[in-house]
Amino acid sequence: MGSATVKIVGVDEQGNLEWYLLEPADARVEQQVERFLARAGEAGAGNPAAVPTPVPLVATGYGRKLVRQASGVVTEITCHAKGVFRELQQGGTLVDIGGQDSKVISIGTHGEVLDFAMNDKCAAGTGRFLENAARRLDLPLERLGPVALASAEEVTLSSTCTVFAESEVVSLLAHGVPVEPIVRGLHRSLIKRVVAMIRSVGLRRPLMLSGGVVQNPAIVRLLQEETGEEILLPHHPQLMGAYGAALVALESGNSGRFTGGKE
Amino acid sequence: MKAREKAEYYLNARVLGPALLRGQRWAAEARARGASPWASSHLAPPLSISPRLKELVARHWLEGRYANVSRRVAWVTSGAPVEFLKALDFFVLYPENHGAICGTARCAVDLATFAEEAGYSRDICSYARTDLGSLISGRTPVGRLPRPDLLLACTNICQTVLFWYWVLANHFRVPLIVIDTPFVYREEASPHSLDYVRRQIEEAIPVAERVAGKVLNPARFDRVGQLSREACFLWLEILERNRHEPAPITAFDEFVHMAPIVEMRGEAFTVDFYAAMLEEVDRRIARGISAVRPERRRLLWDNLPIWYRLRYLAEQLAERGVAIVASTYTNAWGELAPLMDPDHPLESMVRAYTYPVLNRGTGHKLSTMERMIRDYHLDGVILHSDRSCKPYSIGQMDQRDQLVGAMRTPALLLEADHNDSRCFSEEQVSNRLAAFLEMLGV
């Protein structure tokens, strides 16, 4: 249950990612999950490794405690670490930039969570920051990255707040500043906030990314510039939380023991 | 002092009131032999000394209600050198403690709103806002607060008290004694700092004598100092019993049961109270009674408690077998006990009131936490970043880095406030706490 989108991931007995579904988050949590499970059932019917019923389901993220169908709940810190570790097969520092929140997780060599920091207070280091700006600039989200990268120039934004940055963008446009440098500057602002969060946890190489926002090529490029670090991305950056939860469900099913809390 | 008022005071505060409270205690003790009141079966039943604690606290505030009739009243800060006031028979009241009661009673925000509407900033300590709000509105959950005849503020806990007590002094038009304790940046306070503090205490005594209308009796002063010291040593022993695995009590028990050491220090009944509490703790250890069962992880709590969510936190943690067995906050009233020397009462008082943890550098708090982690075999630390208490919260980010890095001890920063529930986001707190507990493997 992400801040902006909800995903469901199914894994096979070996823990490989088999299928997934993604939708914008709906406040009517239970109904959305029912819909997902119905569609998952359809997806599984055509699949040789059929989805067993009832599906062992672990929920993570905001509103996870509202998922009645879940046999257990685990925080997204544990799930993201698990998902990314399984995909990239190494420890390091994971930065997850979601729709409305962001987090940094320090992962050990055996996939264990060593430390974490959550930005659950301010939208300025999250996807919402770019989304607001995109709307103001009348650009589709997918175009933001390419537009930023296409610009040689960059405008430095002074506003730290998502809402006030929007006003600043309007003001810059009114003064005739071209769109491309503004967009690059917006990306730079977001990245600087992310870098500050990485520093608060401490960098443990390599740097890894997850979250819907990292599908934006400019985010990856600018983060590389700011940190000077090599950056690893999983195949499905937006699914890592759900994938991790599926792995937890698989583990608890196999061992008969559940490590998370059922709330 | 009119005869009728005196009679009323005597009857209510000395006869009927205490009898009623004693009866309530007996009833509570009888009830306690029944089922545990906790929602979680992972928490041991409350301490059997709890009804006695409630009785002592209620009696204190009952006394306060009528105190103006027969005694001189002093309002003091929690770190103030209170012994000479007690020896002069002042009724001593702690606005901070009153604030904590408002916090646990969940009326602190309502009271603070009066202060905020009068113009006091929300950035000011929530204890100060609660107290000033109570002053402005005339409301309090303890019935009635006695007017002070004297105010005593000691800066060893923070600078906010200076301004807070100036407001009180202006409002009540009574003398304000300020004991300015210079900050201790390194290991030792400088000799001239200690000399400065000693002279301020010496100069404070005649002021208090004038207000009290009597002269300080040296023998009584010594006796009060001795009782203070005894109580602090007993408190320290109780805290140190938690080195035992599993711990017999939690820090939440300690937060509640620290009222006498803070506000009734120097009384004989306080010494008796902690002696009885220590016996009960030892009985728990002998019978293998664990505060949290099973005890899977042991944590340290840094900073003030979150007064309006004690039970919620205790139960959330107990559900996962996590016991908070130590706290830098409760430790603050025990760690100074060894500094109190009965042969040199004034000198040792000077040291005891210069060296509280909040008057010392952040490096000292870090090394205190490191020592507690070793001594109590702790698995992690919860750093409560208290929005109100800047001196306690400053440096927590660096302390966290050191704990996680050099000490290899997991440490969680939880942002909230000790009294202002508007600064507590339940979803954020429970999410961070849950992630931290998963990280600890429970």
# chains A, B, ... in the order shown; residues from 1 in each chain; ligands from 1
>>> select_by_dssp(residues="segment 280-345 of chain B", states="strand (DSSP E or B)", output="number ranges by chain")
B: 292, 297-302, 322-327
>>> residues_around(residues="segment 64-80 of chain A", least_positions_apart="3", cutoff="8 Å", atoms="only C-alpha atoms", output="VMD selection string")
(chain A and resid 1 29 to 30 33 56 to 61 83 to 84 105 113 116 240 to 245 248 258 260 to 263) or (chain B and resid 431 434 to 435 438 to 439)
>>> closest_residue(among="A:Lys7, A:Lys103, A:Arg204, A:Arg135", to="Lys121 of chain A", atoms="only C-alpha atoms")
A:Lys103
>>> residues_around(residues="Asn132 of chain A", least_positions_apart="3", cutoff="12 Å", atoms="only C-alpha atoms", output="PyMOL selection string")
chain A and resi 99-100+123-124+126-129+135-141+144+161-170+183+186
>>> interface_residues(of="chain B", to="chain A", cutoff="9 Å", atoms="only C-alpha atoms", output="ChimeraX atom specification")
/B:320,397,401,404,410-413,427-428,431-432,434-436,438-442
>>> write_last_selection(atoms="C-alpha atoms", output="mmCIF file, in the first residue's frame")
data_model
loop_
_atom_site.group_PDB
_atom_site.id
_atom_site.type_symbol
_atom_site.label_atom_id
_atom_site.label_comp_id
_atom_site.auth_asym_id
_atom_site.auth_seq_id
_atom_site.Cartn_x
_atom_site.Cartn_y
_atom_site.Cartn_z
ATOM 1 C CA ARG B 320 6.582 -7.824 21.058
ATOM 2 C CA MET B 397 21.221 13.018 16.001
ATOM 3 C CA ASP B 401 25.168 8.203 14.874
ATOM 4 C CA VAL B 404 24.702 3.023 15.697
ATOM 5 C CA PRO B 410 20.375 0.195 17.068
ATOM 6 C CA ALA B 411 18.885 3.572 17.943
ATOM 7 C CA LEU B 412 15.559 5.042 16.898
ATOM 8 C CA LEU B 413 14.714 8.729 16.855
ATOM 9 C CA GLU B 427 0.673 6.646 12.648
ATOM 10 C CA GLN B 428 4.222 7.955 12.252
ATOM 11 C CA ASN B 431 5.240 2.924 11.928
ATOM 12 C CA ARG B 432 8.775 3.903 12.947
ATOM 13 C CA ALA B 434 7.262 -1.186 14.189
ATOM 14 C CA ALA B 435 10.128 -0.899 11.672
ATOM 15 C CA PHE B 436 12.611 -0.578 14.544
ATOM 16 C CA GLU B 438 11.361 -5.663 13.078
ATOM 17 C CA MET B 439 14.987 -4.551 12.756
ATOM 18 C CA LEU B 440 15.614 -5.847 16.287
ATOM 19 C CA GLY B 441 14.211 -9.182 15.163
ATOM 20 C CA VAL B 442 11.010 -9.286 17.239
#
>>> residues_around(residues="Arg59 of chain B", least_positions_apart="4", cutoff="9 Å", atoms="only C-alpha atoms", output="mmCIF file with C-alpha atoms, in the first residue's frame")
data_model
loop_
_atom_site.group_PDB
_atom_site.id
_atom_site.type_symbol
_atom_site.label_atom_id
_atom_site.label_comp_id
_atom_site.auth_asym_id
_atom_site.auth_seq_id
_atom_site.Cartn_x
_atom_site.Cartn_y
_atom_site.Cartn_z
ATOM 1 C CA ALA B 13 -5.768 18.410 55.025
ATOM 2 C CA GLY B 17 -8.482 14.015 53.695
ATOM 3 C CA PRO B 18 -5.663 11.657 54.642
ATOM 4 C CA LEU B 21 -7.080 8.662 50.910
ATOM 5 C CA LYS B 54 -1.413 7.493 44.490
ATOM 6 C CA GLU B 55 -2.128 8.168 48.143
ATOM 7 C CA GLU B 63 -2.168 19.583 51.448
ATOM 8 C CA GLY B 64 -1.436 22.092 48.723
#
>>> select_by_dssp(residues="segment 2-119 of chain B", states="alpha helix (DSSP H)", output="tab-separated table (two decimals) with C-alpha atoms, in the first residue's frame")
chain	number	residue	atom	x	y	z
B	3	ALA	CA	-9.22	30.55	63.17
B	4	ARG	CA	-11.96	29.16	60.93
B	5	GLU	CA	-9.58	28.73	57.99
B	6	LYS	CA	-7.06	27.03	60.22
B	7	ALA	CA	-9.68	24.66	61.55
B	8	GLU	CA	-10.84	23.89	58.02
B	9	TYR	CA	-7.24	23.26	56.96
B	17	GLY	CA	-8.48	14.02	53.69
B	18	PRO	CA	-5.66	11.66	54.64
B	19	ALA	CA	-8.18	9.23	56.20
B	20	LEU	CA	-10.19	9.19	53.00
B	21	LEU	CA	-7.08	8.66	50.91
B	22	ARG	CA	-5.92	5.89	53.21
B	23	GLY	CA	-9.29	4.19	52.80
B	24	GLN	CA	-9.01	4.52	49.02
B	25	ARG	CA	-5.59	2.94	49.17
B	26	TRP	CA	-6.88	-0.05	51.18
B	27	ALA	CA	-9.69	-0.50	48.67
B	28	ALA	CA	-7.24	-0.28	45.76
B	29	GLU	CA	-4.92	-2.79	47.41
B	30	ALA	CA	-7.82	-5.20	47.88
B	31	ARG	CA	-8.86	-4.76	44.23
B	32	ALA	CA	-5.29	-5.33	43.09
B	50	SER	CA	1.04	1.75	43.36
B	51	PRO	CA	-1.95	2.56	45.59
B	52	ARG	CA	0.48	3.96	48.16
B	53	LEU	CA	2.00	6.15	45.46
B	54	LYS	CA	-1.41	7.49	44.49
B	55	GLU	CA	-2.13	8.17	48.14
B	56	LEU	CA	1.10	10.13	48.63
B	57	VAL	CA	0.60	12.20	45.50
B	58	ALA	CA	-3.07	12.90	46.27
B	59	ARG	CA	-2.17	13.81	49.85
B	60	HIS	CA	0.50	16.19	48.61
B	61	TRP	CA	-1.96	18.05	46.37
B	62	LEU	CA	-4.63	17.97	49.07
B	63	GLU	CA	-2.17	19.58	51.45
B	64	GLY	CA	-1.44	22.09	48.72
B	65	ARG	CA	-5.08	23.04	48.42
B	66	TYR	CA	-5.08	24.35	51.98
B	67	ALA	CA	-1.39	25.17	52.34
B	68	ASN	CA	-1.75	28.96	52.12
B	69	VAL	CA	-3.65	28.91	55.42
B	70	SER	CA	-0.91	27.54	57.59
B	83	GLU	CA	16.46	21.27	50.99
B	84	PHE	CA	16.80	24.62	52.74
B	85	LEU	CA	13.20	25.46	51.81
B	86	LYS	CA	11.94	22.21	53.27
B	87	ALA	CA	13.99	22.83	56.41
B	95	PRO	CA	4.89	23.40	38.38
B	96	GLU	CA	6.67	20.90	36.13
B	97	ASN	CA	5.18	18.04	38.08
B	98	HIS	CA	1.77	19.69	37.93
B	99	GLY	CA	2.37	19.90	34.18
B	100	ALA	CA	3.11	16.18	34.01
B	101	ILE	CA	-0.11	15.43	35.89
B	102	CYS	CA	-1.99	17.53	33.33
B	103	GLY	CA	-0.18	15.55	30.61
B	104	THR	CA	-1.19	12.17	31.97
B	108	ALA	CA	-2.45	19.79	29.00
B	109	VAL	CA	-3.41	20.89	25.49
B	110	ASP	CA	-6.59	22.60	26.70
B	111	LEU	CA	-4.60	24.50	29.31
B	112	ALA	CA	-1.78	25.35	26.91
B	113	THR	CA	-4.32	26.85	24.53
B	114	PHE	CA	-5.09	29.55	27.11
B	115	ALA	CA	-1.42	30.46	27.22
B	116	GLU	CA	-1.13	30.43	23.42
B	117	GLU	CA	-4.17	32.66	23.05
>>> closest_residue(among="B:Ile201, B:Gln159, B:Tyr274, B:Ala80", to="Leu236 of chain B", atoms="only C-alpha atoms")
B:Tyr274
>>> closest_residue(among="A:Gln32, A:Ser210, A:Thr227, A:Gln89", to="Ile198 of chain A", atoms="only C-alpha atoms")
A:Thr227
>>> residues_around(residues="Arg198 of chain B", least_positions_apart="3", cutoff="12 Å", atoms="only C-alpha atoms", output="ChimeraX atom specification")
/B:81,179-182,191-195,201-205,345-354
>>> write_last_selection(atoms="C-alpha atoms", output="mmCIF file, in the first residue's frame")
data_model
loop_
_atom_site.group_PDB
_atom_site.id
_atom_site.type_symbol
_atom_site.label_atom_id
_atom_site.label_comp_id
_atom_site.auth_asym_id
_atom_site.auth_seq_id
_atom_site.Cartn_x
_atom_site.Cartn_y
_atom_site.Cartn_z
ATOM 1 C CA PRO B 81 18.172 22.984 45.684
ATOM 2 C CA ILE B 179 20.272 29.975 41.227
ATOM 3 C CA ASP B 180 22.356 30.260 38.101
ATOM 4 C CA THR B 181 24.391 27.093 37.581
ATOM 5 C CA PRO B 182 27.048 27.544 34.866
ATOM 6 C CA PRO B 191 36.230 25.845 41.008
ATOM 7 C CA HIS B 192 34.953 29.389 40.437
ATOM 8 C CA SER B 193 31.661 28.019 39.018
ATOM 9 C CA LEU B 194 31.134 25.919 42.118
ATOM 10 C CA ASP B 195 32.062 28.875 44.296
ATOM 11 C CA ILE B 201 22.725 29.352 47.770
ATOM 12 C CA GLU B 202 24.208 31.122 50.791
ATOM 13 C CA GLU B 203 22.585 34.387 49.686
ATOM 14 C CA ALA B 204 19.277 32.642 49.014
ATOM 15 C CA ILE B 205 18.925 31.386 52.559
ATOM 16 C CA PRO B 345 25.987 19.316 53.264
ATOM 17 C CA LEU B 346 26.387 22.697 51.587
ATOM 18 C CA GLU B 347 29.387 21.725 49.483
ATOM 19 C CA SER B 348 27.783 18.535 48.306
ATOM 20 C CA MET B 349 24.535 20.357 47.565
ATOM 21 C CA VAL B 350 26.512 22.709 45.343
ATOM 22 C CA ARG B 351 27.910 19.764 43.400
ATOM 23 C CA ALA B 352 24.639 17.822 43.279
ATOM 24 C CA TYR B 353 22.852 20.790 41.721
ATOM 25 C CA THR B 354 25.638 21.722 39.303
#
>>> closest_residue(among="B:Asn242, B:Thr270, B:Gln200, B:Ser393", to="Ile289 of chain B", atoms="only C-alpha atoms")
B:Asn242
>>> atom_distance(atom1="atom CA of Gly91 of chain A", atom2="atom CA of Leu232 of chain A")
11.2 Å
>>> atom_distance(atom1="atom CA of Pro148 of chain B", atom2="atom CA of Phe91 of chain B")
9.1 Å
>>> closest_residue(among="A:Gly111, A:Gly145, A:Pro24, A:Gly253", to="Arg86 of chain A", atoms="only C-alpha atoms")
A:Gly111
>>> residues_around(residues="segment 369-379 of chain B", least_positions_apart="4", cutoff="8 Å", atoms="only C-alpha atoms", output="tab-separated table (two decimals) with N, CA and C atoms, in the first residue's frame")
chain	number	residue	atom	x	y	z
B	242	ASN	N	17.25	-3.28	37.77
B	242	ASN	CA	16.85	-3.64	36.41
B	242	ASN	C	17.98	-4.19	35.56
B	243	ARG	N	19.16	-4.28	36.14
B	243	ARG	CA	20.25	-4.98	35.44
B	243	ARG	C	19.91	-6.46	35.35
B	244	HIS	N	19.06	-6.87	36.27
B	244	HIS	CA	18.66	-8.27	36.30
B	244	HIS	C	17.90	-8.61	35.02
B	297	ARG	N	13.69	-8.31	24.26
B	297	ARG	CA	14.67	-7.26	24.00
B	297	ARG	C	14.60	-6.23	25.11
B	298	ARG	N	15.76	-5.63	25.40
B	298	ARG	CA	15.85	-4.64	26.48
B	298	ARG	C	16.32	-3.32	25.88
B	299	LEU	N	15.58	-2.24	26.15
B	299	LEU	CA	15.91	-0.95	25.55
B	299	LEU	C	16.13	0.14	26.58
B	300	LEU	N	16.77	1.22	26.09
B	300	LEU	CA	16.98	2.43	26.88
B	300	LEU	C	16.08	3.52	26.32
B	325	VAL	N	14.06	-0.95	30.02
B	325	VAL	CA	14.52	-1.24	31.38
B	325	VAL	C	15.33	-0.11	32.01
B	326	ALA	N	15.68	0.88	31.22
B	326	ALA	CA	16.47	1.98	31.77
B	326	ALA	C	16.14	3.27	31.05
B	328	THR	N	17.59	7.60	30.80
B	328	THR	CA	18.49	8.66	31.29
B	328	THR	C	17.70	9.62	32.18
B	365	LYS	N	26.17	12.86	28.22
B	365	LYS	CA	24.96	12.06	28.08
B	365	LYS	C	25.25	10.83	27.22
B	403	LEU	N	25.95	5.90	18.55
B	403	LEU	CA	25.40	4.64	19.07
B	403	LEU	C	25.34	3.58	17.98
B	407	MET	N	29.09	2.16	18.68
B	407	MET	CA	28.59	1.20	19.68
B	407	MET	C	27.85	0.03	19.05
B	409	THR	N	24.88	-0.20	18.28
B	409	THR	CA	23.61	-0.38	18.99
B	409	THR	C	22.51	0.30	18.19
B	410	PRO	N	21.47	-0.44	17.81
B	410	PRO	CA	20.38	0.19	17.07
B	410	PRO	C	19.74	1.32	17.89
B	440	LEU	N	15.06	-5.17	15.11
B	440	LEU	CA	15.61	-5.85	16.29
B	440	LEU	C	15.33	-7.33	16.27
>>> atom_distance(atom1="atom CA of Gly108 of chain A", atom2="atom CA of Ala81 of chain A")
9.5 Å
>>> closest_residue(among="A:Gly10, A:Gly2, A:Pro146, A:Gly125", to="Ser189 of chain A", atoms="only C-alpha atoms")
A:Gly125
>>> residues_around(residues="Ala212 of chain B", least_positions_apart="5", cutoff="10 Å", atoms="only C-alpha atoms", output="PyMOL selection string")
chain B and resi 71-74+85+88-90+149-150+206-207
>>> decode(residues="segment 8-25 of chain A", atoms="N, CA and C atoms", output="compact mmCIF listing (two decimals), in the first residue's frame")
# COMPACT_ATOMS: atom_id res chain seq x y z
N ILE A 8 0.32 -5.25 -6.13
CA ILE A 8 0.29 -6.61 -5.59
C ILE A 8 1.24 -7.44 -6.43
N VAL A 9 2.02 -8.25 -5.76
CA VAL A 9 3.04 -9.05 -6.45
C VAL A 9 2.87 -10.51 -6.05
N GLY A 10 2.98 -11.39 -7.01
CA GLY A 10 2.94 -12.81 -6.72
C GLY A 10 4.29 -13.43 -7.05
N VAL A 11 4.74 -14.33 -6.18
CA VAL A 11 6.02 -15.00 -6.43
C VAL A 11 5.80 -16.50 -6.52
N ASP A 12 6.72 -17.17 -7.20
CA ASP A 12 6.64 -18.63 -7.26
C ASP A 12 7.32 -19.23 -6.04
N GLU A 13 7.35 -20.57 -5.98
CA GLU A 13 7.90 -21.21 -4.78
C GLU A 13 9.37 -20.91 -4.55
N GLN A 14 10.07 -20.49 -5.63
CA GLN A 14 11.49 -20.15 -5.45
C GLN A 14 11.67 -18.68 -5.12
N GLY A 15 10.57 -17.95 -5.06
CA GLY A 15 10.65 -16.53 -4.74
C GLY A 15 10.91 -15.64 -5.94
N ASN A 16 10.71 -16.19 -7.15
CA ASN A 16 10.88 -15.33 -8.33
C ASN A 16 9.60 -14.55 -8.56
N LEU A 17 9.74 -13.31 -8.99
CA LEU A 17 8.58 -12.45 -9.24
C LEU A 17 7.85 -12.98 -10.48
N GLU A 18 6.59 -13.38 -10.28
CA GLU A 18 5.84 -14.00 -11.36
C GLU A 18 4.86 -13.06 -12.03
N TRP A 19 4.05 -12.36 -11.24
CA TRP A 19 3.06 -11.46 -11.81
C TRP A 19 2.86 -10.29 -10.88
N TYR A 20 2.27 -9.21 -11.42
CA TYR A 20 1.99 -8.07 -10.57
C TYR A 20 0.87 -7.23 -11.16
N LEU A 21 0.28 -6.44 -10.27
CA LEU A 21 -0.76 -5.48 -10.68
C LEU A 21 -0.47 -4.17 -9.96
N LEU A 22 -0.84 -3.07 -10.59
CA LEU A 22 -0.57 -1.75 -10.00
C LEU A 22 -1.73 -0.82 -10.30
N GLU A 23 -2.15 -0.08 -9.29
CA GLU A 23 -3.26 0.88 -9.45
C GLU A 23 -2.99 2.10 -8.59
N PRO A 24 -3.59 3.23 -8.93
CA PRO A 24 -3.50 4.36 -7.99
C PRO A 24 -4.22 3.97 -6.69
N ALA A 25 -3.72 4.48 -5.58
CA ALA A 25 -4.29 4.10 -4.28
C ALA A 25 -5.72 4.60 -4.14
